[in-house]
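Okay, so here's the structure we're looking at.
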Amino acid sequence: MNNYFETSKKYKGFHYSVLSHEALDYLHKRTLEIFTQIKEIFDANGIKYMICGGTLLGASTTGSFIPWDDDFDMCVFEEDYERAINLLIEKMSDDIIVQYKKVEPRYFHGWVKVRDKNSKVEPATQNYANNGVWCDIYKLAKLKKKDIPYKIAKEHLAYLKRRLGAHDITKSEYKKRVKQNCLYGRLFKAKISSLFSSKNSIKYIIWSASKIVLDESWVLPLSKTVFEEIEVTTFAKPECYLTEHYGNDYKTLPPEEKRRVGINSVQIFSGGGTQV
């Protein structure tokens with residue numbers, strides 16, 4: 001395995017055994033229902049999407065959700081992103097919310113989450129009114145290789161500023177994290193480096209927490225795969241993306257002790273608020 005399973009502990013703080021079978025069953029069934037709606041809307045309106053992350057890992061290994069997956073991952077080209085989100089706001093069913101800054105004034109994630117209104121996961125993001133099970137929709141952006149370090153450092157700083165503005169972290173915590181990550185120094189060095197670099201090859205980056213960089217040839221033309229018996233769209237070379245994200249042996253699922261999730265319970269409101 002590559003370093004993913006260690007670094008992901010920062011935001012996947014629990015072993016998946018903390019979730020009951022009922023919780024995982026609900027989570028997988030409901031996020032698949034949400035995705036199915038998203039897919040229908042995107043297909044009908046010419047929005048190109050790609051499944052990615054743990055969802056693509058599941059499609060490429062088991063053909064379904066990996067047993068410990070706690071969300072659904074997909075991305076959309078940056079140039080289509082705003083239209084895609086506006087379509088979802090207009091057309092998704094009433095029991096689903098498209099969560100972003102205009103809906104949640106203290107929203108600080110750099111991508112949109114499409115959430116179930118009839119559930120709540122724990123630990124919940126206290127700033128958010130909506131914390132149901134979710135699908136992540138990331139931006140897939142095209143940029144020159146020489147600009148990637150600067151763009152990543154800039155987004156890291158912007159993320160901390162959003163959390164500070166949302167009162168999710170204190171000013172002292174903000175300063176501590178900026179210093180720990182040498183963000184201003186990284187920004188300056190990366191900007192100078194990009195000005196004098198000749199690395200003009202085109203790359204794509206997924207603006208997720210992991211910020212995976214893809215070669216242009218890995219992305220287009222898009223290909224088809226099957227997930228939970230549904231034909232879905234993904235990258236031209238999903239194996240290259242998965243190797244970059246999870247390591248050369250991504251087809252060998254990680255041992256039990258490394259199967260981690262970011263939540264530890266699911267409360268279902270439509271069933272009387274039962275926690276599972």
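Identifiers in this document derive from the order of the structure tokens: chains are assigned A, B, ..., residues are numbered from 1 separately in each chain, and ligands are numbered from 1 in order of occurrence.
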DSSP on the backbone: what in stretch 14-228 of chain A comes out strand (DSSP E or B), as JSON, numbers by chain? {"A": [14, 15, 49, 50, 51, 72, 73, 74, 75, 76, 77, 96, 97, 98, 99, 112, 113, 114, 115, 116, 119, 120, 121, 122, 134, 135, 136, 137, 138, 139, 140, 141, 142, 143, 144, 202, 203, 204, 205, 206, 213, 214, 215, 223, 224, 225, 226, 227]}
Kindly assemble as a Markdown table a list of the stretch 133-209 of chain A residues that lie within 10 Å of stretch 48-67 of chain A, each paired with its nearest atom pair and their distance in Å to one decimal, using only C-alpha atoms, sorted first by chain and then by ascending residue number.
| residue | atom | partner | partner_atom | distance |
| --- | --- | --- | --- | --- |
| A:Asp136 | CA | A:Cys52 | CA | 9.9 |
| A:Ile137 | CA | A:Tyr49 | CA | 9.1 |
| A:Tyr138 | CA | A:Cys52 | CA | 9.3 |
| A:Lys139 | CA | A:Tyr49 | CA | 9.8 |
| A:Leu140 | CA | A:Met50 | CA | 9.2 |
| A:Ile206 | CA | A:Cys52 | CA | 9.3 |
| A:Ser208 | CA | A:Gly53 | CA | 9.3 |
Store the residues picked out above in a file with N, CA and C atoms, as a compact mmCIF listing (two decimals), in the first residue's frame.
# COMPACT_ATOMS: atom_id res chain seq x y z
N ASP A 136 -20.14 12.94 -2.33
CA ASP A 136 -19.23 14.05 -2.62
C ASP A 136 -19.14 14.26 -4.13
N ILE A 137 -19.21 15.54 -4.55
CA ILE A 137 -18.99 15.87 -5.96
C ILE A 137 -17.83 16.85 -6.03
N TYR A 138 -16.70 16.36 -6.52
CA TYR A 138 -15.47 17.15 -6.58
C TYR A 138 -15.31 17.82 -7.94
N LYS A 139 -14.54 18.90 -7.95
CA LYS A 139 -14.13 19.51 -9.21
C LYS A 139 -12.91 18.78 -9.76
N LEU A 140 -12.92 18.55 -11.06
CA LEU A 140 -11.74 18.02 -11.76
C LEU A 140 -11.21 19.16 -12.62
N ILE A 206 -7.95 16.51 -8.83
CA ILE A 206 -9.24 16.37 -8.18
C ILE A 206 -9.17 17.15 -6.87
N SER A 208 -10.25 17.20 -3.98
CA SER A 208 -10.74 16.50 -2.80
C SER A 208 -9.73 16.72 -1.68
I'd like the neighbourhood of A:Lys12 as number ranges by chain, where a residue qualifies if any of its atoms comes within 6 Å (using only C-alpha atoms), though same-chain residues fewer than 5 positions away should be ignored. A: 260-262
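For the residues A:Leu32, A:Ala124, A:Val213, A:Val219, ranking by smallest atom-to-atom distance to A:Val266 using only C-alpha atoms places A:Ala124 first.
Here atom CA of A:Gln99 is placed at a distance of 27.6 Å from atom CA of A:Lys175.
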Nearest candidate to A:Glu104 (options A:Asn45, A:Asn131, A:Ser8, A:Asn264; using only C-alpha atoms):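 Comparing A:Asn45, A:Asn131, A:Ser8, A:Asn264 against A:Glu104, the winner is A:Asn131.
With only C-alpha atoms as the atoms that count, the residue of A:Lys191, A:His245, A:Lys39, A:Lys258 with the shortest distance to A:Glu231 is A:Lys39.
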For A:Trp207, which of A:Tyr128, A:Tyr107, A:Tyr174, A:Tyr81 is the closest residue, counting only C-alpha atoms?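 Ranked by minimum distance to A:Trp207, first place goes to A:Tyr81.
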Would you work out the distance separating atom CA of A:Gln267 from atom CA of A:His167, expressed in Å to one decimal?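 So the answer is 25.4 Å.
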Write out as a ChimeraX atom specification the residues lying within 12 Å of A:Trp134, counting only C-alpha atoms and excluding same-chain residues fewer than 4 positions away. /A:26-35,38,69-74,96-99,112-121,130,263,266
Would you list the contacts of A:Arg162 as a list in words, taking every protein, DNA or RNA residue within 9 Å and counting only C-alpha atoms, but skipping same-chain residues closer than 5 positions in sequence?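 In the requested format, the answer is Arg106, Tyr107, Phe108, His109, Leu157, His167 and Asp168 of chain A.
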